[in-house]
$ cat start-v3.pdb   # PDB, C-alpha atoms, pLDDT in the B column
MODEL        1
ATOM      1  CA  ALA X  68      14.186  -7.659   4.227  1.00 82.00           C
ATOM      2  CA  CYS X  69      13.615  -9.340   7.567  1.00 86.00           C
ATOM      3  CA  THR X  70      12.936  -5.997   9.227  1.00 90.00           C
ATOM      4  CA  ALA X  71      10.449  -5.035   6.508  1.00 84.00           C
ATOM      5  CA  GLY X  72       8.723  -8.408   6.792  1.00 82.00           C
ATOM      6  CA  PHE X  73       8.492  -8.042  10.557  1.00 87.00           C
ATOM      7  CA  MET X  74       7.056  -4.527  10.261  1.00 84.00           C
ATOM      8  CA  TRP X  75       4.422  -5.679   7.770  1.00 78.00           C
ATOM      9  CA  ALA X  76       3.563  -8.579  10.082  1.00 80.00           C
ATOM     10  CA  ILE X  77       2.839  -6.321  13.056  1.00 86.00           C
ATOM     11  CA  LEU X  78       1.233  -3.467  11.081  1.00 81.00           C
ATOM     12  CA  SER X  79      -2.355  -4.638  11.419  1.00 81.00           C
ATOM     13  CA  ILE X  80      -1.944  -5.371  15.133  1.00 86.00           C
ATOM     14  CA  ALA X  81      -0.461  -1.920  15.708  1.00 86.00           C
ATOM     15  CA  MET X  82      -3.294  -0.333  13.705  1.00 83.00           C
ATOM     16  CA  LYS X  83      -5.916  -2.177  15.774  1.00 85.00           C
ATOM     17  CA  LEU X  84      -4.327  -0.817  18.951  1.00 88.00           C
ATOM     18  CA  ALA X  85      -4.020   2.693  17.505  1.00 87.00           C
ATOM     19  CA  LEU X  86      -7.696   2.680  16.494  1.00 86.00           C
ATOM     20  CA  LYS X  87      -8.585   2.597  20.189  1.00 88.00           C
ATOM     21  CA  PHE X  88      -7.162   6.115  20.543  1.00 90.00           C
ATOM     22  CA  HIS X  89      -7.632   7.730  17.086  1.00 87.00           C
ATOM     23  CA  ASP X  90      -9.860   7.301  14.062  1.00 85.00           C
ATOM     24  CA  GLY X  91      -8.610   5.843  10.789  1.00 81.00           C
ATOM     25  CA  LEU X  92      -8.543   9.181   8.971  1.00 82.00           C
ATOM     26  CA  SER X  93      -6.274  10.741  11.610  1.00 86.00           C
ATOM     27  CA  LEU X  94      -3.911   7.764  11.490  1.00 83.00           C
ATOM     28  CA  SER X  95      -3.681   7.906   7.698  1.00 81.00           C
ATOM     29  CA  TRP X  96      -3.212  11.674   7.753  1.00 85.00           C
ATOM     30  CA  PHE X  97      -0.354  11.322  10.254  1.00 87.00           C
ATOM     31  CA  ARG X  98       1.348   8.527   8.280  1.00 82.00           C
ATOM     32  CA  PHE X  99       1.226  10.426   5.000  1.00 85.00           C
ATOM     33  CA  SER X 100       2.218  13.761   6.562  1.00 90.00           C
ATOM     34  CA  PHE X 101       5.187  12.218   8.361  1.00 91.00           C
ATOM     35  CA  SER X 102       6.295  10.428   5.180  1.00 88.00           C
ATOM     36  CA  PHE X 103       5.943  13.588   3.089  1.00 88.00           C
ATOM     37  CA  ILE X 104       7.943  15.715   5.522  1.00 93.00           C
ATOM     38  CA  PHE X 105      10.660  13.074   5.892  1.00 93.00           C
ATOM     39  CA  LEU X 106      11.002  12.602   2.113  1.00 88.00           C
ATOM     40  CA  LEU X 107      10.888  16.355   1.502  1.00 90.00           C
ATOM     41  CA  LEU X 108      13.781  16.907   3.911  1.00 92.00           C
ATOM     42  CA  TYR X 109      15.717  13.978   2.469  1.00 91.00           C
ATOM     43  CA  MET X 110      15.296  15.248  -1.093  1.00 88.00           C
ATOM     44  CA  ALA X 111      16.112  18.820  -0.090  1.00 90.00           C
ATOM     45  CA  ILE X 112      19.426  17.590   1.306  1.00 90.00           C
ATOM     46  CA  ASN X 113      20.349  15.016  -1.345  1.00 89.00           C
ATOM     47  CA  ASN X 114      18.644  15.886  -4.632  1.00 83.00           C
ATOM     48  CA  LYS X 115      17.056  19.315  -4.983  1.00 84.00           C
ATOM     49  CA  GLN X 116      16.361  18.771  -8.703  1.00 84.00           C
ATOM     50  CA  ASP X 117      13.609  16.261  -7.922  1.00 81.00           C
ATOM     51  CA  LEU X 118      11.686  18.850  -5.897  1.00 85.00           C
ATOM     52  CA  LYS X 119      10.658  20.601  -9.124  1.00 84.00           C
ATOM     53  CA  VAL X 120       7.915  18.014  -9.554  1.00 83.00           C
ATOM     54  CA  LEU X 121       6.032  19.635  -6.651  1.00 84.00           C
ATOM     55  CA  LYS X 122       5.422  22.782  -8.719  1.00 85.00           C
ATOM     56  CA  SER X 123       3.319  20.939 -11.291  1.00 84.00           C
ATOM     57  CA  PRO X 124       2.777  17.294 -10.356  1.00 84.00           C
ATOM     58  CA  PRO X 125       1.750  14.875 -13.115  1.00 88.00           C
ATOM     59  CA  LEU X 126      -1.939  13.983 -13.243  1.00 91.00           C
ATOM     60  CA  LYS X 127      -1.176  10.263 -12.960  1.00 91.00           C
ATOM     61  CA  ALA X 128       0.800  10.884  -9.766  1.00 87.00           C
ATOM     62  CA  PHE X 129      -2.162  12.771  -8.321  1.00 88.00           C
ATOM     63  CA  TRP X 130      -4.540   9.891  -9.066  1.00 92.00           C
ATOM     64  CA  ALA X 131      -2.047   7.309  -7.815  1.00 90.00           C
ATOM     65  CA  SER X 132      -1.643   9.154  -4.516  1.00 86.00           C
ATOM     66  CA  LEU X 133      -5.397   9.536  -4.159  1.00 89.00           C
ATOM     67  CA  PHE X 134      -5.942   5.803  -4.628  1.00 90.00           C
ATOM     68  CA  LEU X 135      -3.066   5.024  -2.262  1.00 85.00           C
ATOM     69  CA  VAL X 136      -4.729   7.124   0.425  1.00 85.00           C
ATOM     70  CA  GLY X 137      -7.972   5.249  -0.260  1.00 87.00           C
ATOM     71  CA  ASN X 138      -6.130   1.948   0.110  1.00 84.00           C
ATOM     72  CA  TYR X 139      -4.718   2.969   3.488  1.00 83.00           C
ATOM     73  CA  LEU X 140      -8.065   4.294   4.720  1.00 85.00           C
ATOM     74  CA  LEU X 141      -9.947   1.181   3.678  1.00 85.00           C
ATOM     75  CA  PHE X 142      -7.280  -1.069   5.205  1.00 83.00           C
ATOM     76  CA  ILE X 143      -7.539   0.745   8.531  1.00 83.00           C
ATOM     77  CA  GLU X 144     -11.333   0.593   8.401  1.00 84.00           C
ATOM     78  CA  GLY X 145     -11.079  -3.134   7.658  1.00 83.00           C
ATOM     79  CA  VAL X 146      -8.822  -3.615  10.674  1.00 83.00           C
ATOM     80  CA  GLY X 147     -11.305  -1.687  12.805  1.00 84.00           C
ATOM     81  CA  LEU X 148     -14.313  -3.705  11.621  1.00 87.00           C
ATOM     82  CA  THR X 149     -12.674  -7.148  11.666  1.00 86.00           C
ATOM     83  CA  SER X 150      -9.616  -8.680  13.252  1.00 86.00           C
ATOM     84  CA  PRO X 151      -6.019  -7.786  12.389  1.00 83.00           C
ATOM     85  CA  SER X 152      -5.372 -11.319  11.130  1.00 83.00           C
ATOM     86  CA  LEU X 153      -8.296 -11.211   8.683  1.00 85.00           C
ATOM     87  CA  ALA X 154      -7.312  -7.760   7.409  1.00 82.00           C
ATOM     88  CA  GLN X 155      -3.722  -8.964   6.949  1.00 80.00           C
ATOM     89  CA  LEU X 156      -4.898 -12.028   5.036  1.00 82.00           C
ATOM     90  CA  LEU X 157      -7.124  -9.991   2.731  1.00 82.00           C
ATOM     91  CA  ILE X 158      -4.455  -7.384   1.997  1.00 80.00           C
ATOM     92  CA  GLN X 159      -2.091 -10.229   1.056  1.00 81.00           C
ATOM     93  CA  LEU X 160      -4.743 -11.893  -1.119  1.00 84.00           C
ATOM     94  CA  ALA X 161      -5.475  -8.700  -3.062  1.00 83.00           C
ATOM     95  CA  PRO X 162      -2.654  -9.143  -5.634  1.00 82.00           C
ATOM     96  CA  ILE X 163      -3.666 -12.787  -6.139  1.00 84.00           C
ATOM     97  CA  MET X 164      -7.252 -11.728  -6.798  1.00 86.00           C
ATOM     98  CA  LEU X 165      -5.953  -9.075  -9.199  1.00 84.00           C
ATOM     99  CA  VAL X 166      -4.169 -11.802 -11.177  1.00 84.00           C
ATOM    100  CA  PHE X 167      -7.397 -13.811 -11.393  1.00 85.00           C
ATOM    101  CA  ILE X 168      -9.310 -10.778 -12.648  1.00 89.00           C
ATOM    102  CA  GLY X 169      -6.637  -9.994 -15.232  1.00 88.00           C
ATOM    103  CA  VAL X 170      -6.460 -13.536 -16.571  1.00 88.00           C
ATOM    104  CA  PHE X 171     -10.115 -14.526 -16.520  1.00 89.00           C
ATOM    105  CA  TYR X 172     -11.943 -11.239 -17.053  1.00 90.00           C
ATOM    106  CA  PHE X 173      -9.509  -9.270 -19.226  1.00 89.00           C
ATOM    107  CA  LYS X 174      -8.158 -12.409 -20.993  1.00 89.00           C
ATOM    108  CA  GLU X 175      -4.522 -11.509 -20.327  1.00 89.00           C
ATOM    109  CA  LYS X 176      -1.852 -13.960 -21.429  1.00 89.00           C
ATOM    110  CA  ILE X 177       0.148 -15.462 -18.609  1.00 88.00           C
ATOM    111  CA  LYS X 178       3.688 -16.808 -19.055  1.00 90.00           C
ATOM    112  CA  LYS X 179       5.231 -19.898 -17.467  1.00 92.00           C
ATOM    113  CA  ARG X 180       7.396 -17.783 -15.157  1.00 92.00           C
ATOM    114  CA  GLN X 181       4.299 -15.931 -13.928  1.00 88.00           C
ATOM    115  CA  ILE X 182       2.499 -19.223 -13.299  1.00 88.00           C
ATOM    116  CA  VAL X 183       5.446 -20.425 -11.210  1.00 91.00           C
ATOM    117  CA  GLY X 184       5.397 -17.185  -9.201  1.00 87.00           C
ATOM    118  CA  PHE X 185       1.643 -17.477  -8.748  1.00 83.00           C
ATOM    119  CA  LEU X 186       1.975 -21.084  -7.511  1.00 87.00           C
ATOM    120  CA  ILE X 187       4.732 -20.068  -5.078  1.00 88.00           C
ATOM    121  CA  ALA X 188       2.468 -17.319  -3.723  1.00 83.00           C
ATOM    122  CA  LEU X 189      -0.406 -19.768  -3.316  1.00 82.00           C
ATOM    123  CA  LEU X 190       1.916 -22.248  -1.619  1.00 85.00           C
ATOM    124  CA  GLY X 191       2.904 -19.497   0.807  1.00 80.00           C
ATOM    125  CA  PHE X 192      -0.718 -19.062   1.828  1.00 74.00           C
TER     126      PHE X 192
ENDMDL
END
$ encode --input "start-v3.pdb" --output "structure tokens"
Amino acid sequence: ACTAGFMWAILSIAMKLALKFHDGLSLSWFRFSFSFIFLLLYMAINNKQDLKVLKSPPLKAFWASLFLVGNYLLFIEGVGLTSPSLAQLLIQLAPIMLVFIGVFYFKEKIKKRQIVGFLIALLGF
């Protein structure tokens, strides 16, 4: 967990440095290609049954991957247009803003446990 937290902490700084040498689309393409190849090899070694999904992927998985690529591209563009610290703050605030939209716009019910988690997240900021 500490390693993952450290990696997320330096991600925007590393992206800002990488943007000096490559554009955001190339960086995203490399990240997704490397991840796909690594996971493909891992699954080919450990669980070949799961590779059947590549023959006819579910439509929801296609849309989810498309929006994930959009998220990465927009994050990298945000890092390029602003500072790494601002981009990091906004990417961390996104789930909090999503909660606000769900509760106030879509009138979702929120439970006590969710309120406690929300307050802990706000306290962390």
$ residues_around --input "start-v3.pdb" --residues "region 81-97 of chain X" --least-positions-apart "4" --cutoff "10 Å" --atoms "all atoms listed in the file" --output "JSON list (two decimals) with C-alpha atoms, in the frame of the given file"
[["chain", "number", "residue", "atom", "x", "y", "z"],
["X", 74, "MET", "CA", 7.06, -4.53, 10.26],
["X", 76, "ALA", "CA", 3.56, -8.58, 10.08],
["X", 77, "ILE", "CA", 2.84, -6.32, 13.06],
["X", 101, "PHE", "CA", 5.19, 12.22, 8.36],
["X", 102, "SER", "CA", 6.30, 10.43, 5.18],
["X", 103, "PHE", "CA", 5.94, 13.59, 3.09],
["X", 136, "VAL", "CA", -4.73, 7.12, 0.42],
["X", 137, "GLY", "CA", -7.97, 5.25, -0.26],
["X", 138, "ASN", "CA", -6.13, 1.95, 0.11],
["X", 139, "TYR", "CA", -4.72, 2.97, 3.49],
["X", 140, "LEU", "CA", -8.06, 4.29, 4.72],
["X", 141, "LEU", "CA", -9.95, 1.18, 3.68],
["X", 142, "PHE", "CA", -7.28, -1.07, 5.20],
["X", 143, "ILE", "CA", -7.54, 0.74, 8.53],
["X", 144, "GLU", "CA", -11.33, 0.59, 8.40],
["X", 145, "GLY", "CA", -11.08, -3.13, 7.66],
["X", 146, "VAL", "CA", -8.82, -3.62, 10.67],
["X", 147, "GLY", "CA", -11.30, -1.69, 12.80],
["X", 148, "LEU", "CA", -14.31, -3.70, 11.62],
["X", 149, "THR", "CA", -12.67, -7.15, 11.67],
["X", 150, "SER", "CA", -9.62, -8.68, 13.25],
["X", 151, "PRO", "CA", -6.02, -7.79, 12.39]]
$ atom_distance --input "start-v3.pdb" --atom1 "CA of Ala68 (chain X)" --atom2 "CA of Ala188 (chain X)"
17.1 Å
$ atom_distance --input "start-v3.pdb" --atom1 "CA of Ser123 (chain X)" --atom2 "CA of Leu107 (chain X)"
15.6 Å
$ closest_residue --input "start-v3.pdb" --among "X:Arg180, X:Leu78, X:Ala131, X:Gly191" --to "Ala154 (chain X)" --atoms "all atoms listed in the file"
X:Leu78
$ resolve_selection --input "start-v3.pdb" --expression "the PyMOL selection byres ((chain X and resi 162-174) around 12)" --output "MDAnalysis selection string"
chainID X and resid 156:161 175:178 181:182 184:192
$ atom_distance --input "start-v3.pdb" --atom1 "CA of Ser152 (chain X)" --atom2 "CA of Ser79 (chain X)"
7.3 Å
$ axis_aligned_box --input "start-v3.pdb" --around "region 97-116 of chain X" --padding-each-side "8 Å" --output "AutoDock Vina command-line options"
--center_x 10.0 --center_y 13.9 --center_z 0.8 --size_x 36.7 --size_y 26.8 --size_z 35.0
$ decode --input "start-v3.pdb" --residues "region 134-153 of chain X" --atoms "N, CA, C and O atoms" --output "mmCIF file, in the first residue's frame"
data_model
loop_
_atom_site.group_PDB
_atom_site.id
_atom_site.type_symbol
_atom_site.label_atom_id
_atom_site.label_comp_id
_atom_site.auth_asym_id
_atom_site.auth_seq_id
_atom_site.Cartn_x
_atom_site.Cartn_y
_atom_site.Cartn_z
ATOM 1 N N PHE X 134 -13.600 5.095 -21.944
ATOM 2 C CA PHE X 134 -13.643 6.190 -20.984
ATOM 3 C C PHE X 134 -12.392 6.221 -20.107
ATOM 4 O O PHE X 134 -11.947 7.297 -19.693
ATOM 5 N N LEU X 135 -11.807 5.067 -19.831
ATOM 6 C CA LEU X 135 -10.564 5.036 -19.070
ATOM 7 C C LEU X 135 -9.435 5.691 -19.860
ATOM 8 O O LEU X 135 -8.643 6.462 -19.303
ATOM 9 N N VAL X 136 -9.371 5.409 -21.144
ATOM 10 C CA VAL X 136 -8.379 6.060 -21.997
ATOM 11 C C VAL X 136 -8.611 7.567 -21.995
ATOM 12 O O VAL X 136 -7.665 8.356 -21.891
ATOM 13 N N GLY X 137 -9.862 7.988 -22.086
ATOM 14 C CA GLY X 137 -10.178 9.416 -22.034
ATOM 15 C C GLY X 137 -9.736 10.039 -20.719
ATOM 16 O O GLY X 137 -9.204 11.157 -20.697
ATOM 17 N N ASN X 138 -9.930 9.319 -19.623
ATOM 18 C CA ASN X 138 -9.502 9.808 -18.317
ATOM 19 C C ASN X 138 -7.989 10.016 -18.291
ATOM 20 O O ASN X 138 -7.507 11.052 -17.826
ATOM 21 N N TYR X 139 -7.238 9.042 -18.773
ATOM 22 C CA TYR X 139 -5.786 9.171 -18.796
ATOM 23 C C TYR X 139 -5.344 10.322 -19.695
ATOM 24 O O TYR X 139 -4.466 11.104 -19.331
ATOM 25 N N LEU X 140 -5.940 10.422 -20.882
ATOM 26 C CA LEU X 140 -5.561 11.501 -21.795
ATOM 27 C C LEU X 140 -5.847 12.870 -21.202
ATOM 28 O O LEU X 140 -5.015 13.776 -21.273
ATOM 29 N N LEU X 141 -7.017 13.023 -20.617
ATOM 30 C CA LEU X 141 -7.368 14.322 -20.036
ATOM 31 C C LEU X 141 -6.515 14.637 -18.813
ATOM 32 O O LEU X 141 -6.164 15.797 -18.579
ATOM 33 N N PHE X 142 -6.153 13.617 -18.034
ATOM 34 C CA PHE X 142 -5.261 13.855 -16.898
ATOM 35 C C PHE X 142 -3.903 14.349 -17.379
ATOM 36 O O PHE X 142 -3.351 15.305 -16.836
ATOM 37 N N ILE X 143 -3.368 13.701 -18.403
ATOM 38 C CA ILE X 143 -2.054 14.111 -18.916
ATOM 39 C C ILE X 143 -2.123 15.506 -19.512
ATOM 40 O O ILE X 143 -1.216 16.325 -19.326
ATOM 41 N N GLU X 144 -3.209 15.810 -20.214
ATOM 42 C CA GLU X 144 -3.370 17.162 -20.758
ATOM 43 C C GLU X 144 -3.477 18.187 -19.628
ATOM 44 O O GLU X 144 -2.937 19.282 -19.724
ATOM 45 N N GLY X 145 -4.174 17.813 -18.552
ATOM 46 C CA GLY X 145 -4.275 18.703 -17.393
ATOM 47 C C GLY X 145 -2.924 18.950 -16.753
ATOM 48 O O GLY X 145 -2.623 20.075 -16.335
ATOM 49 N N VAL X 146 -2.108 17.912 -16.667
ATOM 50 C CA VAL X 146 -0.752 18.078 -16.121
ATOM 51 C C VAL X 146 0.056 19.001 -17.018
ATOM 52 O O VAL X 146 0.798 19.858 -16.538
ATOM 53 N N GLY X 147 -0.115 18.842 -18.340
ATOM 54 C CA GLY X 147 0.640 19.676 -19.274
ATOM 55 C C GLY X 147 0.211 21.140 -19.243
ATOM 56 O O GLY X 147 1.032 22.032 -19.414
ATOM 57 N N LEU X 148 -1.064 21.396 -19.000
ATOM 58 C CA LEU X 148 -1.570 22.771 -19.015
ATOM 59 C C LEU X 148 -1.461 23.467 -17.668
ATOM 60 O O LEU X 148 -1.487 24.701 -17.605
ATOM 61 N N THR X 149 -1.376 22.706 -16.585
ATOM 62 C CA THR X 149 -1.276 23.300 -15.250
ATOM 63 C C THR X 149 -0.035 22.749 -14.564
ATOM 64 O O THR X 149 0.900 22.335 -15.224
ATOM 65 N N SER X 150 -0.062 22.726 -13.272
ATOM 66 C CA SER X 150 1.062 22.162 -12.521
ATOM 67 C C SER X 150 0.713 20.742 -12.078
ATOM 68 O O SER X 150 -0.461 20.390 -11.973
ATOM 69 N N PRO X 151 1.716 19.931 -11.795
ATOM 70 C CA PRO X 151 1.432 18.574 -11.307
ATOM 71 C C PRO X 151 0.627 18.566 -10.010
ATOM 72 O O PRO X 151 -0.230 17.716 -9.817
ATOM 73 N N SER X 152 0.891 19.528 -9.130
ATOM 74 C CA SER X 152 0.175 19.544 -7.848
ATOM 75 C C SER X 152 -1.303 19.844 -8.048
ATOM 76 O O SER X 152 -2.164 19.231 -7.403
ATOM 77 N N LEU X 153 -1.637 20.756 -8.953
ATOM 78 C CA LEU X 153 -3.045 21.067 -9.212
ATOM 79 C C LEU X 153 -3.747 19.883 -9.877
ATOM 80 O O LEU X 153 -4.873 19.535 -9.508
#
